[in-house]
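Chemist: final.csv (CSV, C-alpha atoms) pasted underneath:
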```csv
chain,number,residue,atom,x,y,z
W,295,MET,CA,0.0,0.0,0.0
W,296,GLU,CA,2.8,2.4,0.9
W,297,GLN,CA,4.5,1.9,-2.4
W,298,THR,CA,1.2,2.5,-4.3
W,299,GLU,CA,0.6,5.7,-2.3
W,300,ASN,CA,4.1,6.9,-2.9
W,301,THR,CA,3.7,6.2,-6.7
W,302,ALA,CA,0.4,8.0,-6.8
W,303,ALA,CA,2.0,11.0,-5.0
W,304,ALA,CA,4.9,11.1,-7.4
W,305,PHE,CA,2.5,11.4,-10.4
W,306,HIS,CA,0.6,14.1,-8.6
W,307,SER,CA,3.7,16.2,-8.1
W,308,PRO,CA,3.9,19.6,-9.9
W,309,ILE,CA,5.9,19.5,-13.2
W,310,SER,CA,8.3,22.4,-13.8
W,311,VAL,CA,8.8,23.7,-17.3
W,312,ARG,CA,12.1,25.5,-17.6
W,313,LYS,CA,14.0,27.7,-20.0
W,314,GLY,CA,17.6,27.0,-19.1
W,315,SER,CA,17.8,27.2,-15.3
W,316,GLU,CA,14.7,29.4,-15.1
W,317,GLU,CA,11.3,28.0,-14.3
W,318,ILE,CA,8.7,29.5,-16.6
W,319,TYR,CA,5.6,27.7,-15.5
W,320,ARG,CA,4.3,24.7,-13.7
W,321,ILE,CA,1.9,21.9,-14.7
W,322,TYR,CA,-0.3,20.6,-12.0
W,323,PRO,CA,-1.7,17.0,-12.4
W,324,GLU,CA,-4.9,16.8,-10.2
W,325,ASP,CA,-8.0,14.6,-9.8
W,326,SER,CA,-10.5,17.5,-9.5
W,327,PHE,CA,-10.8,21.3,-9.6
W,328,ASP,CA,-10.6,21.4,-5.8
W,329,HIS,CA,-7.1,23.0,-5.8
W,330,LEU,CA,-7.6,25.3,-8.8
W,331,GLY,CA,-8.1,28.4,-6.7
W,332,GLU,CA,-4.9,27.9,-4.6
W,333,ARG,CA,-2.8,27.0,-7.7
W,334,MET,CA,-4.1,30.1,-9.4
W,335,ALA,CA,-3.3,32.2,-6.3
W,336,ASP,CA,0.4,31.5,-7.0
W,337,LEU,CA,0.1,33.8,-10.0
W,338,LYS,CA,-1.0,36.7,-7.6
W,339,PRO,CA,-4.3,37.4,-9.3
W,340,SER,CA,-5.7,39.4,-6.3
W,341,GLY,CA,-7.0,42.7,-7.6
W,342,ARG,CA,-6.8,41.5,-11.2
W,343,ARG,CA,-9.4,40.6,-13.8
W,344,MET,CA,-9.8,37.1,-15.3
W,345,ALA,CA,-11.5,36.2,-18.5
W,346,VAL,CA,-12.4,32.5,-19.0
W,347,ILE,CA,-12.6,31.4,-22.6
W,348,THR,CA,-14.5,28.1,-23.2
W,349,ASP,CA,-16.7,26.6,-25.9
W,350,SER,CA,-20.3,25.7,-26.1
W,351,HIS,CA,-19.7,22.0,-25.3
W,352,VAL,CA,-17.3,22.4,-22.3
W,353,GLU,CA,-19.5,25.2,-20.9
W,354,LYS,CA,-22.2,22.7,-20.0
W,355,PHE,CA,-19.8,20.5,-18.1
W,356,TYR,CA,-17.3,22.6,-16.2
W,357,LEU,CA,-17.7,26.4,-16.6
W,358,ARG,CA,-19.8,27.0,-13.5
W,359,GLU,CA,-17.5,25.0,-11.2
W,360,VAL,CA,-14.4,26.7,-12.6
W,361,LEU,CA,-15.9,30.1,-12.1
W,362,ASP,CA,-16.8,29.2,-8.6
W,363,ARG,CA,-13.2,28.1,-7.9
W,364,LEU,CA,-11.7,31.3,-9.5
W,365,ARG,CA,-14.1,33.9,-8.2
W,366,PRO,CA,-12.5,34.1,-4.6
W,367,VAL,CA,-9.0,34.8,-5.9
W,368,CYS,CA,-9.5,37.6,-8.3
W,369,ALA,CA,-11.2,41.1,-8.4
W,370,GLU,CA,-13.4,40.5,-11.4
W,371,LEU,CA,-14.3,37.4,-13.3
W,372,SER,CA,-16.1,36.9,-16.6
W,373,SER,CA,-16.5,34.3,-19.3
W,374,PHE,CA,-16.8,34.2,-23.1
W,375,VAL,CA,-18.2,31.1,-25.0
W,376,ILE,CA,-17.1,30.3,-28.5
W,377,GLN,CA,-18.8,27.8,-30.8
W,378,ALA,CA,-17.4,24.3,-30.4
W,379,GLY,CA,-15.6,22.7,-33.3
W,380,GLU,CA,-12.4,23.0,-35.4
W,381,GLU,CA,-14.4,24.9,-38.1
W,382,HIS,CA,-14.6,27.8,-35.8
W,383,LYS,CA,-10.8,28.0,-35.2
W,384,ASN,CA,-10.3,31.0,-37.4
W,385,LEU,CA,-9.6,34.7,-37.3
W,386,ASP,CA,-13.3,35.7,-37.3
W,387,TRP,CA,-13.6,34.1,-33.8
W,388,ILE,CA,-10.3,35.6,-32.7
W,389,ARG,CA,-11.7,39.0,-33.5
W,390,LYS,CA,-14.7,38.2,-31.3
W,391,ILE,CA,-12.5,37.2,-28.4
W,392,LEU,CA,-10.3,40.3,-28.7
W,393,THR,CA,-13.4,42.5,-28.8
W,394,TYR,CA,-14.6,40.8,-25.7
W,395,LEU,CA,-11.3,41.4,-23.9
W,396,ILE,CA,-11.3,45.1,-24.9
W,397,GLU,CA,-14.9,45.6,-23.8
W,398,ASN,CA,-14.1,44.0,-20.5
W,399,ARG,CA,-11.1,46.3,-20.0
W,400,LEU,CA,-8.5,43.6,-19.4
W,401,ASP,CA,-5.0,45.1,-19.0
W,402,ARG,CA,-1.5,43.8,-19.3
W,403,HIS,CA,-1.5,42.3,-15.7
W,404,ASP,CA,-4.8,40.4,-16.1
W,405,ILE,CA,-5.2,36.8,-17.0
W,406,VAL,CA,-7.0,34.9,-19.8
W,407,VAL,CA,-8.0,31.4,-18.9
W,408,ALA,CA,-8.5,28.7,-21.5
W,409,LEU,CA,-11.0,26.1,-20.4
W,410,GLY,CA,-11.5,23.3,-22.9
W,411,GLY,CA,-9.8,21.2,-25.6
W,412,GLY,CA,-7.1,22.0,-28.1
W,413,VAL,CA,-9.1,24.4,-30.1
W,414,VAL,CA,-10.0,26.5,-27.1
W,415,GLY,CA,-6.5,26.5,-25.8
W,416,ASP,CA,-5.0,27.4,-29.2
W,417,MET,CA,-7.5,30.2,-29.7
W,418,ALA,CA,-7.4,31.7,-26.2
W,419,GLY,CA,-3.6,31.5,-26.2
W,420,PHE,CA,-3.3,33.2,-29.5
W,421,ALA,CA,-5.7,36.0,-28.5
W,422,ALA,CA,-3.7,36.4,-25.3
W,423,ALA,CA,-0.5,36.6,-27.4
W,424,CYS,CA,-2.0,39.3,-29.6
W,425,TYR,CA,-3.9,41.4,-27.0
W,426,LEU,CA,-1.8,44.3,-25.7
W,427,ARG,CA,1.2,42.6,-27.3
W,428,GLY,CA,0.8,39.7,-24.9
W,429,ILE,CA,-0.9,39.1,-21.5
W,430,ARG,CA,-0.8,36.1,-19.2
W,431,PHE,CA,-2.9,33.1,-19.9
W,432,VAL,CA,-3.6,29.8,-18.1
W,433,GLN,CA,-4.4,26.5,-19.7
W,434,ILE,CA,-7.1,24.2,-18.1
W,435,PRO,CA,-7.3,21.5,-20.7
W,436,THR,CA,-10.3,19.1,-20.5
W,437,THR,CA,-9.6,16.6,-23.3
W,438,LEU,CA,-6.9,13.9,-23.4
W,439,LEU,CA,-5.4,15.4,-26.6
W,440,SER,CA,-5.1,18.9,-25.0
W,441,GLN,CA,-3.8,17.5,-21.7
W,442,VAL,CA,-0.9,15.6,-23.2
W,443,ASP,CA,-0.1,17.8,-26.2
W,444,SER,CA,-1.6,21.2,-27.1
W,445,SER,CA,-1.7,22.8,-23.7
W,446,ILE,CA,2.1,22.4,-23.2
W,447,GLY,CA,4.8,24.2,-25.0
W,448,GLY,CA,3.3,27.6,-25.9
W,449,LYS,CA,2.1,26.9,-29.5
W,450,THR,CA,-1.0,29.0,-30.2
W,451,GLY,CA,-2.8,29.8,-33.4
W,452,VAL,CA,-5.7,29.3,-35.8
W,453,ASP,CA,-6.4,27.8,-39.2
W,454,PHE,CA,-6.4,30.1,-42.2
W,455,ASP,CA,-8.7,29.1,-45.1
W,456,LYS,CA,-7.5,25.6,-46.0
W,457,TYR,CA,-4.2,25.9,-44.1
W,458,LYS,CA,-4.1,24.3,-40.7
W,459,ASN,CA,-2.5,26.4,-37.9
W,460,MET,CA,-0.9,28.7,-40.4
W,461,VAL,CA,-1.4,31.9,-38.3
W,462,GLY,CA,-0.1,31.8,-34.7
W,463,ALA,CA,2.5,32.7,-32.1
W,464,PHE,CA,4.6,31.1,-29.5
W,465,HIS,CA,3.2,32.3,-26.2
W,466,GLN,CA,3.9,30.3,-23.1
W,467,PRO,CA,1.2,29.7,-20.5
W,468,SER,CA,1.7,30.9,-16.9
W,469,MET,CA,0.3,27.7,-15.6
W,470,VAL,CA,-1.3,24.4,-16.8
W,471,TYR,CA,-3.9,22.7,-14.6
W,472,LEU,CA,-4.7,19.1,-15.5
W,473,ASN,CA,-7.9,17.7,-14.0
W,474,ILE,CA,-7.6,14.1,-15.0
W,475,SER,CA,-11.2,13.4,-14.0
W,476,THR,CA,-12.4,15.4,-17.0
W,477,LEU,CA,-11.3,12.5,-19.2
W,478,GLN,CA,-14.2,10.5,-17.8
W,479,SER,CA,-16.7,12.8,-19.6
W,480,LEU,CA,-15.1,12.4,-23.0
W,481,ASP,CA,-17.0,10.5,-25.7
W,482,GLY,CA,-15.2,7.5,-27.3
W,483,LEU,CA,-14.1,9.5,-30.3
W,484,GLN,CA,-12.5,12.3,-28.2
W,485,PHE,CA,-10.7,9.8,-26.0
W,486,ALA,CA,-9.4,7.9,-29.0
W,487,SER,CA,-8.2,11.1,-30.6
W,488,GLY,CA,-6.1,11.9,-27.6
W,489,MET,CA,-4.6,8.4,-27.7
W,490,GLY,CA,-3.2,9.2,-31.2
W,491,GLU,CA,-0.9,11.8,-29.6
W,492,VAL,CA,-0.2,9.5,-26.6
W,493,LEU,CA,1.0,6.6,-28.8
W,494,LYS,CA,3.0,9.1,-30.8
W,495,HIS,CA,5.0,10.0,-27.7
W,496,GLY,CA,6.1,6.4,-27.1
W,497,LEU,CA,7.0,5.9,-30.8
W,498,ILE,CA,9.2,8.9,-31.1
W,499,ARG,CA,11.0,9.0,-27.7
W,500,ASP,CA,10.4,6.1,-25.3
W,501,ALA,CA,10.1,2.4,-26.4
W,502,GLY,CA,9.5,1.4,-22.8
W,503,TYR,CA,6.5,3.7,-22.6
W,504,TYR,CA,5.2,2.4,-25.9
W,505,GLU,CA,5.3,-1.2,-24.5
W,506,TRP,CA,3.7,0.0,-21.3
W,507,LEU,CA,0.8,1.5,-23.3
W,508,LEU,CA,0.3,-1.8,-25.0
W,509,ASP,CA,0.5,-3.7,-21.7
W,510,HIS,CA,-2.1,-1.4,-20.1
W,511,MET,CA,-4.5,-1.2,-23.1
W,512,GLU,CA,-7.4,-2.7,-21.2
W,513,ALA,CA,-7.0,-0.4,-18.2
W,514,ILE,CA,-6.6,2.7,-20.4
W,515,GLU,CA,-9.7,1.8,-22.5
W,516,GLU,CA,-11.6,1.3,-19.2
W,517,ARG,CA,-10.3,4.7,-18.1
W,518,ASP,CA,-8.9,3.5,-14.8
W,519,SER,CA,-8.1,6.7,-13.0
W,520,ALA,CA,-4.7,5.7,-11.7
W,521,THR,CA,-3.6,4.4,-15.0
W,522,LEU,CA,-4.8,7.5,-16.8
W,523,LEU,CA,-2.9,9.7,-14.4
W,524,GLN,CA,0.4,7.8,-15.0
W,525,MET,CA,-0.2,7.9,-18.7
W,526,VAL,CA,-0.9,11.6,-18.9
W,527,VAL,CA,2.1,12.5,-16.7
W,528,ARG,CA,4.5,10.3,-18.7
W,529,SER,CA,3.3,11.8,-22.0
W,530,VAL,CA,3.5,15.3,-20.5
W,531,ASN,CA,7.1,14.8,-19.5
W,532,ILE,CA,8.1,13.5,-22.9
W,533,LYS,CA,6.7,16.7,-24.5
W,534,ARG,CA,8.1,18.9,-21.8
W,535,GLU,CA,11.6,17.5,-22.3
W,536,ILE,CA,11.5,18.1,-26.0
W,537,VAL,CA,10.1,21.7,-25.9
W,538,GLU,CA,12.5,22.7,-23.1
W,539,ARG,CA,15.4,21.9,-25.5
W,540,ASP,CA,13.8,23.5,-28.5
W,541,PRO,CA,11.0,25.9,-27.5
W,542,GLU,CA,10.5,27.5,-30.9
W,543,GLU,CA,10.8,24.3,-33.1
W,544,MET,CA,14.2,25.1,-34.6
W,545,ASN,CA,15.3,21.4,-34.4
W,546,ASP,CA,14.3,18.6,-32.0
W,547,ARG,CA,10.7,19.9,-31.4
W,548,ALA,CA,9.9,19.0,-34.9
W,549,LEU,CA,10.0,15.4,-33.8
W,550,LEU,CA,6.6,16.0,-32.2
W,551,ASN,CA,5.2,16.3,-35.7
W,552,PHE,CA,5.6,12.6,-36.3
W,553,GLY,CA,2.4,11.6,-38.0
W,554,HIS,CA,1.3,15.1,-38.6
W,555,THR,CA,2.7,15.7,-42.1
W,556,ALA,CA,0.3,13.3,-43.8
W,557,GLY,CA,-2.2,13.6,-41.0
W,558,HIS,CA,-2.8,17.3,-41.4
W,559,ALA,CA,-3.4,16.9,-45.1
W,560,ILE,CA,-5.9,14.1,-44.6
W,561,GLU,CA,-7.6,16.1,-41.9
W,562,ARG,CA,-8.0,19.0,-44.2
W,563,LEU,CA,-9.2,17.0,-47.2
W,564,LYS,CA,-11.8,15.2,-45.1
W,565,ASN,CA,-13.1,18.6,-44.0
W,566,PHE,CA,-12.4,17.8,-40.4
W,567,SER,CA,-14.9,14.9,-40.4
W,568,LEU,CA,-12.1,12.9,-38.8
W,569,ALA,CA,-10.8,13.9,-35.4
W,570,HIS,CA,-7.2,15.2,-35.2
W,571,GLY,CA,-5.9,12.2,-33.4
W,572,GLN,CA,-7.5,9.9,-35.9
W,573,CYS,CA,-5.6,11.7,-38.7
W,574,VAL,CA,-2.4,11.6,-36.6
W,575,ALA,CA,-2.8,7.8,-36.3
W,576,LEU,CA,-3.0,7.6,-40.1
W,577,GLY,CA,0.0,9.8,-40.5
W,578,CYS,CA,2.0,7.7,-38.0
W,579,VAL,CA,1.2,4.6,-40.2
W,580,VAL,CA,2.4,6.4,-43.3
W,581,ALA,CA,5.7,7.5,-41.5
W,582,ALA,CA,6.2,4.0,-40.1
W,583,TYR,CA,5.6,2.5,-43.5
W,584,ILE,CA,8.4,4.6,-45.0
W,585,SER,CA,10.7,3.8,-42.1
W,586,TRP,CA,9.9,0.1,-42.7
W,587,GLN,CA,10.6,0.3,-46.5
W,588,ARG,CA,13.9,1.9,-45.7
W,589,LYS,CA,14.7,-1.1,-43.5
W,590,TYR,CA,14.8,0.8,-40.2
W,591,LEU,CA,11.9,-1.3,-38.8
W,592,ASP,CA,11.5,-5.0,-39.3
W,593,ASP,CA,8.2,-6.6,-40.4
W,594,ASP,CA,6.9,-7.5,-37.0
W,595,THR,CA,7.6,-4.0,-35.5
W,596,PHE,CA,5.9,-2.2,-38.4
W,597,TYR,CA,2.8,-4.3,-38.3
W,598,GLU,CA,2.6,-4.0,-34.5
W,599,ILE,CA,2.8,-0.2,-34.9
W,600,ARG,CA,0.0,-0.3,-37.4
W,601,ASP,CA,-2.3,-2.7,-35.6
W,602,MET,CA,-1.9,-1.1,-32.1
W,603,PHE,CA,-3.9,1.8,-33.3
W,604,VAL,CA,-6.9,-0.5,-33.9
W,605,GLY,CA,-6.7,-1.6,-30.3
W,606,PHE,CA,-7.2,2.0,-29.2
W,607,ASP,CA,-10.1,2.6,-31.6
W,608,LEU,CA,-8.1,4.5,-34.1
W,609,PRO,CA,-8.2,4.1,-37.9
W,610,ILE,CA,-5.4,2.6,-40.1
W,611,SER,CA,-7.0,3.4,-43.5
W,612,PHE,CA,-8.8,6.2,-45.2
W,613,ASP,CA,-11.2,6.5,-48.1
W,614,SER,CA,-12.7,9.0,-50.5
W,615,ILE,CA,-9.6,11.1,-50.9
W,616,GLN,CA,-7.2,11.2,-53.9
W,617,ILE,CA,-3.6,10.4,-53.2
W,618,ASP,CA,-2.5,13.2,-55.5
W,619,ASP,CA,-4.5,15.7,-53.5
W,620,ILE,CA,-2.9,14.5,-50.2
W,621,ILE,CA,0.6,15.0,-51.6
W,622,ARG,CA,-0.4,18.4,-52.9
W,623,VAL,CA,-1.8,19.6,-49.6
W,624,MET,CA,1.2,18.2,-47.7
W,625,LYS,CA,3.4,20.5,-49.8
W,626,LEU,CA,1.3,23.5,-48.6
W,627,ASP,CA,2.1,22.7,-45.0
W,628,LYS,CA,3.9,25.3,-42.8
W,629,LYS,CA,6.5,22.7,-42.0
W,630,MET,CA,8.0,22.7,-45.5
W,631,ASP,CA,11.7,23.5,-45.5
W,632,LYS,CA,13.1,25.1,-48.7
W,633,GLY,CA,10.5,23.4,-50.8
W,634,GLN,CA,11.1,20.0,-49.3
W,635,ILE,CA,8.7,18.1,-47.0
W,636,ARG,CA,10.3,17.7,-43.6
W,637,PHE,CA,9.3,14.2,-42.6
W,638,ILE,CA,9.7,12.6,-39.2
W,639,LEU,CA,10.7,8.9,-39.5
W,640,LEU,CA,11.8,6.2,-37.1
W,641,HIS,CA,15.2,4.7,-36.8
W,642,GLN,CA,13.7,2.3,-34.4
W,643,LEU,CA,11.0,2.3,-31.7
W,644,GLY,CA,11.5,5.3,-29.5
W,645,ASP,CA,14.1,6.9,-31.8
W,646,ALA,CA,12.7,9.4,-34.3
W,647,TYR,CA,14.6,11.7,-36.6
W,648,ILE,CA,14.0,14.5,-39.1
W,649,ASP,CA,14.4,13.5,-42.7
W,650,ARG,CA,14.3,15.9,-45.7
W,651,THR,CA,14.9,13.2,-48.4
W,652,VAL,CA,11.5,11.5,-48.5
W,653,THR,CA,10.4,11.4,-52.2
W,654,ASP,CA,6.9,11.7,-53.6
W,655,GLU,CA,7.1,8.1,-54.7
W,656,GLU,CA,7.8,6.9,-51.2
W,657,ILE,CA,4.8,9.0,-49.9
W,658,ARG,CA,2.6,7.6,-52.7
W,659,LYS,CA,3.4,4.0,-51.8
W,660,ALA,CA,2.8,4.6,-48.1
W,661,LEU,CA,-0.6,6.2,-48.9
W,662,GLU,CA,-1.6,3.5,-51.3
W,663,PHE,CA,-0.9,1.0,-48.5
W,664,ILE,CA,-3.6,2.6,-46.3
W,665,ASP,CA,-6.0,3.7,-49.0
W,666,ALA,CA,-9.1,1.6,-48.4
W,667,ASP,CA,-10.5,2.4,-51.9
W,668,LEU,CA,-7.6,0.6,-53.4
W,669,HIS,CA,-8.0,-2.5,-51.3
W,670,GLN,CA,-11.8,-2.9,-51.2
W,671,ASN,CA,-11.6,-6.1,-53.2
W,672,ASP,CA,-8.6,-7.6,-51.3
```
Take the structure I supplied and represent it as structure tokens, if you would.

Modeler:
Amino acid sequence: MEQTENTAAAFHSPISVRKGSEEIYRIYPEDSFDHLGERMADLKPSGRRMAVITDSHVEKFYLREVLDRLRPVCAELSSFVIQAGEEHKNLDWIRKILTYLIENRLDRHDIVVALGGGVVGDMAGFAAACYLRGIRFVQIPTTLLSQVDSSIGGKTGVDFDKYKNMVGAFHQPSMVYLNISTLQSLDGLQFASGMGEVLKHGLIRDAGYYEWLLDHMEAIEERDSATLLQMVVRSVNIKREIVERDPEEMNDRALLNFGHTAGHAIERLKNFSLAHGQCVALGCVVAAYISWQRKYLDDDTFYEIRDMFVGFDLPISFDSIQIDDIIRVMKLDKKMDKGQIRFILLHQLGDAYIDRTVTDEEIRKALEFIDADLHQND
């Protein structure tokens, strides 16, 4: 019992994100919103205004409780609700958020609070980065994907027409508060979408963690609280370590884009009818296929990578998209480097690297491998 309690306490410990020797913010893994007020008090919000930005879905679950927790620690508290959905992640809604901040007279010492998934976090963070040339903001992510990925590292932004996350800024949060219990309210699709990013972490950085995820598949799918806490903290630490070394994606941080090169193109061409993590899973299979064809991965390892996504309710094939269109959209991605697609491949499990030599033909063969329309008579 003592060992179990000590282990649980370790995974509840605050996680410090640093720039060199300087701590720039803390991540708090918690089981509830009970400690939100005291954690927020560390930012000295007394006498300051707070504006909570959430969406029309999360509002119904958590807005009232979060407002109740924050009201005692600040001078003035208000909230603004955006329409839920990736299709609203655009400059039109950023304009509405900025108008709201102006009309509520927030100044440079006040705090924007992002309550919700990745879309809310990206948008609230970008608005905070733009407003008065940058004011403080806090992330309270409520989805698995946002807890393990988008809330950490300071990437903010919006989509622009057909280009995903093309307009944005690096703006680090002042705090991230992870309430693991919010994962219990996710529908199956949202939970699976987050697992796309979780599995990516093991593939690119930690083979032992990848094996742990497979060994704990049943507990994860049953959403056992202790298992989810350990999983989230381990994923958070992988991302934290990478972004600390490369906060503005000049080198190693690009490894986090494993699966995103093809995934973003598929996501766009499917008009966001597939969740982000589903598209990341497809992109991971594409990248793993190329790694396999280059003899970095053996047959068993590649097929295990492909098939593990199925166990976590993620797709391993797509349909109703032309491969030529996917390649074309990939070349419009913001991660292009001097006209060359910057692909993330695997030398082996847990060892990703940046490659600038992947050819259109290699991409085509990988996409053909997962194109369900080409294999419907197999």

Chemist: Using only C-alpha atoms, find the one residue out of W:Arg622, W:Val527, W:Ala646, W:Glu512 that sits nearest to Cys578 of chain W.

Modeler: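 Nearest to Cys578 of chain W: W:Ala646.
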
Chemist: Using only C-alpha atoms, which residue out of W:Ile434, W:Val367, W:Ala501, W:Val526 lies closest to Ser326 of chain W?

Modeler: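 Checking each of W:Ile434, W:Val367, W:Ala501, W:Val526 against Ser326 of chain W, counting only C-alpha atoms, the winner is W:Ile434.
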
Chemist: One decimal, Å: what's the distance from atom CA of Lys390 of chain W over to atom CA of Asp453 of chain W, could you say?

Modeler: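 Atom CA of Asp453 of chain W lies 15.5 Å from atom CA of Lys390 of chain W.
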
Chemist: Quick one: everything within 10 Å of Leu337 of chain W, counting all atoms listed in the file, minus sequence neighbours fewer than 6 positions away in the same chain. Send it as a PDB file with C-alpha atoms, keeping the file's coordinate frame.

Modeler:
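Output contents, as saved in around_35.pdb:
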```
ATOM      1  CA  TYR W 319       5.600  27.700 -15.500  1.00  0.00           C
ATOM      2  CA  ILE W 405      -5.200  36.800 -17.000  1.00  0.00           C
ATOM      3  CA  ARG W 430      -0.800  36.100 -19.200  1.00  0.00           C
ATOM      4  CA  VAL W 432      -3.600  29.800 -18.100  1.00  0.00           C
ATOM      5  CA  SER W 468       1.700  30.900 -16.900  1.00  0.00           C
ATOM      6  CA  MET W 469       0.300  27.700 -15.600  1.00  0.00           C
TER       7      MET W 469
END
```

Chemist: Closest to Ala556 of chain W among W:Phe485, W:Trp586, W:Phe637, W:Phe374, using all atoms listed in the file?

Modeler: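 Residue with the minimum atom-to-atom distance to Ala556 of chain W: W:Phe637.
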
Chemist: Which residue, W:Thr348, W:Ser372, W:Gln587, W:Thr436, has the smallest gap to Met417 of chain W when you use only C-alpha atoms?

Modeler: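 The shortest atom-to-atom distance to Met417 of chain W comes from W:Thr348.
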
Chemist: With distances taken over only C-alpha atoms, which of W:Val346, W:Leu497, W:Ile638, W:Ile599 is nearest to Val360 of chain W?

Modeler: W:Val346

Chemist: W:His641, W:Lys494, W:Arg499, W:Arg588: which is nearest Gln572 of chain W, counting all atoms listed in the file?

Modeler: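 That would be W:Lys494, the residue with the smallest distance to Gln572 of chain W.
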
Chemist: Find the residues around Gln377 of chain W up to 9 Å (all atoms listed in the file counted), leave out those fewer than 5 positions away in its own chain, and share them as a PDB file with C-alpha atoms, in the frame of the given file.

Modeler:
```pdb
ATOM      1  CA  THR W 348     -14.500  28.100 -23.200  1.00  0.00           C
ATOM      2  CA  ASP W 349     -16.700  26.600 -25.900  1.00  0.00           C
ATOM      3  CA  SER W 350     -20.300  25.700 -26.100  1.00  0.00           C
ATOM      4  CA  HIS W 351     -19.700  22.000 -25.300  1.00  0.00           C
ATOM      5  CA  HIS W 382     -14.600  27.800 -35.800  1.00  0.00           C
ATOM      6  CA  TRP W 387     -13.600  34.100 -33.800  1.00  0.00           C
TER       7      TRP W 387
END
```

Chemist: For atom CA of Ile610 of chain W and atom CA of Ala575 of chain W, determine how far apart the two atoms are, in Å to one decimal place.

Modeler: 6.9 Å
